[in-house]
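Since the structure comes first, as structure tokens, the remarks are kept for the end.
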Amino acid sequence: MPIITRRALALTLLAAPAAAQHTPAGGIQVQQPWARASAGSAANGAAYLTIANHGTSADRLVSAASPVARTVELHTHLMDNGVMRMRQVQAIEVDPGTPTVLQPSGLHVMLIGLVQPLKEGESFPLTLRFAQAGERIVQVRVMGPGAMAPGGGMH
Ligand SMILES: [Cu+2]
């Protein structure tokens, strides 16, 4: 009987370090980055994307940068006295299991001071910095000016 107990204990001890190693920096996957075409000489734009965390520990998107805008901030939308307003956030949480979706009227990457128009059909690089996973550079596809999703426009 004591032998079985000891073996069970040994297995438990072996399992612990294996689990601890399973916190890879490569657990973050950025899916379908897109933006709307900017209208005329619009000063600002926004980029949307989905972040999946395939790792076992939480991560957070802490900043972003792109050559198409002078300043890039992380924003969310909030209801303020019945009016939708944008507000800057310090970070966007990316928990394992549940993809974090940045989309119109919600979380987004704000492109402030566009240095070039965002033209439908083109794409531009966006660097995303995560607290744990480090930097990811993605190509953001520019959709039509009224697009609501990466797959196409809405009427
Ligand atoms: Cu914004």
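Each chain in the structure tokens gets a letter, A, B, ..., in the order shown, and its residues are numbered from 1; ligands are numbered from 1 in order too.
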Return as a tab-separated table the residues of chain A lying at most 7 Å from ligand 1, together with the closest atom-to-atom pair for each and the distance in Å to one decimal, counting only C-alpha atoms and all ligand atoms, with rows in chain order and ascending residue number.
```
residue	atom	partner	partner_atom_place_in_ligand_line	distance
A:Ala46	CA	ligand 1	1 (Cu)	6.6
A:His75	CA	ligand 1	1 (Cu)	4.8
A:Thr76	CA	ligand 1	1 (Cu)	6.5
A:Met86	CA	ligand 1	1 (Cu)	5.1
A:Arg87	CA	ligand 1	1 (Cu)	6.7
A:His108	CA	ligand 1	1 (Cu)	6.4
A:Val109	CA	ligand 1	1 (Cu)	6.8
A:Met110	CA	ligand 1	1 (Cu)	4.6
```
| For CA of Ile112 (chain A) and CA of Ser41 (chain A), the interatomic separation in Å (one decimal) |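 The value is 12.6 Å.
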| query | Quick one, how far is CA of Val138 (chain A) from CA of Pro33 (chain A)? | reply | 7.2 Å
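Each of A:Val140, A:Ala69, A:Met84, A:Ile51 was checked against Gly27 (chain A) using only C-alpha atoms; the smallest atom-to-atom distance is that of A:Ile51.
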| said: Can you measure CA of Arg85 (chain A) to CA of Thr98 (chain A) for me? One decimal in Å is fine. | reply: 25.4 Å
| query | Nearest to Gln32 (chain A): which of A:Leu49, A:Gln88, A:Asp95, A:Ala133 is it, counting only C-alpha atoms? | reply |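 Smallest distance to Gln32 (chain A) is found for A:Leu49.
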| message | Need to verify the contact set: Ala37 (chain A), 9 Å, only C-alpha atoms, exclusion of same-chain residues closer than 3 positions in sequence. Can you return it as a list of chain:residue names? | response | A:Gly45, A:Pro117, A:Leu118, A:Lys119, A:Glu120, A:Gly121, A:Val142, A:Met143, A:Gly144, A:Pro145, A:Gly146, A:Ala147
Output N, CA and C atoms for every residue in the selection just made, as a PDB file, in the first residue's frame.
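Once everything was written out, this is out-v9.pdb:
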```pdb
ATOM      1  N   GLY A  45      -8.357  57.011 -37.988  1.00  0.00           N
ATOM      2  CA  GLY A  45      -8.915  55.743 -38.419  1.00  0.00           C
ATOM      3  C   GLY A  45      -8.880  54.774 -37.253  1.00  0.00           C
ATOM      4  N   PRO A 117      -4.007  58.277 -46.552  1.00  0.00           N
ATOM      5  CA  PRO A 117      -5.366  57.739 -46.511  1.00  0.00           C
ATOM      6  C   PRO A 117      -5.339  56.216 -46.490  1.00  0.00           C
ATOM      7  N   LEU A 118      -6.334  55.621 -45.831  1.00  0.00           N
ATOM      8  CA  LEU A 118      -6.469  54.167 -45.842  1.00  0.00           C
ATOM      9  C   LEU A 118      -7.360  53.819 -47.019  1.00  0.00           C
ATOM     10  N   LYS A 119      -6.774  53.175 -48.016  1.00  0.00           N
ATOM     11  CA  LYS A 119      -7.504  52.893 -49.254  1.00  0.00           C
ATOM     12  C   LYS A 119      -7.986  51.449 -49.284  1.00  0.00           C
ATOM     13  N   GLU A 120      -9.247  51.294 -49.667  1.00  0.00           N
ATOM     14  CA  GLU A 120      -9.845  49.961 -49.761  1.00  0.00           C
ATOM     15  C   GLU A 120      -9.000  49.049 -50.649  1.00  0.00           C
ATOM     16  N   GLY A 121      -8.777  47.838 -50.170  1.00  0.00           N
ATOM     17  CA  GLY A 121      -8.009  46.865 -50.935  1.00  0.00           C
ATOM     18  C   GLY A 121      -6.528  46.858 -50.598  1.00  0.00           C
ATOM     19  N   VAL A 142      -7.502  46.792 -45.524  1.00  0.00           N
ATOM     20  CA  VAL A 142      -8.442  47.916 -45.550  1.00  0.00           C
ATOM     21  C   VAL A 142      -9.689  47.515 -46.331  1.00  0.00           C
ATOM     22  N   MET A 143     -10.821  47.551 -45.632  1.00  0.00           N
ATOM     23  CA  MET A 143     -12.112  47.201 -46.229  1.00  0.00           C
ATOM     24  C   MET A 143     -12.830  48.487 -46.653  1.00  0.00           C
ATOM     25  N   GLY A 144     -14.040  48.355 -47.135  1.00  0.00           N
ATOM     26  CA  GLY A 144     -14.817  49.524 -47.554  1.00  0.00           C
ATOM     27  C   GLY A 144     -15.116  50.446 -46.387  1.00  0.00           C
ATOM     28  N   PRO A 145     -15.517  51.696 -46.672  1.00  0.00           N
ATOM     29  CA  PRO A 145     -15.736  52.674 -45.602  1.00  0.00           C
ATOM     30  C   PRO A 145     -16.856  52.315 -44.637  1.00  0.00           C
ATOM     31  N   GLY A 146     -17.830  51.487 -45.066  1.00  0.00           N
ATOM     32  CA  GLY A 146     -18.933  51.132 -44.172  1.00  0.00           C
ATOM     33  C   GLY A 146     -18.820  49.725 -43.631  1.00  0.00           C
ATOM     34  N   ALA A 147     -17.693  49.083 -43.821  1.00  0.00           N
ATOM     35  CA  ALA A 147     -17.550  47.683 -43.406  1.00  0.00           C
ATOM     36  C   ALA A 147     -17.762  47.528 -41.903  1.00  0.00           C
TER      37      ALA A 147
END
```
| Contacts of Glu135 (chain A) at 12 Å (only C-alpha atoms; same-chain gap of 2+ positions) as an NGL selection string | :A and (25-26 or 28-30 or 60-65 or 126-133 or 137-138)
| Top pick for closest residue to Gly40 (chain A), considering A:Gln116, A:Phe124, A:Met148, A:Thr56 and counting only C-alpha atoms | A:Gln116
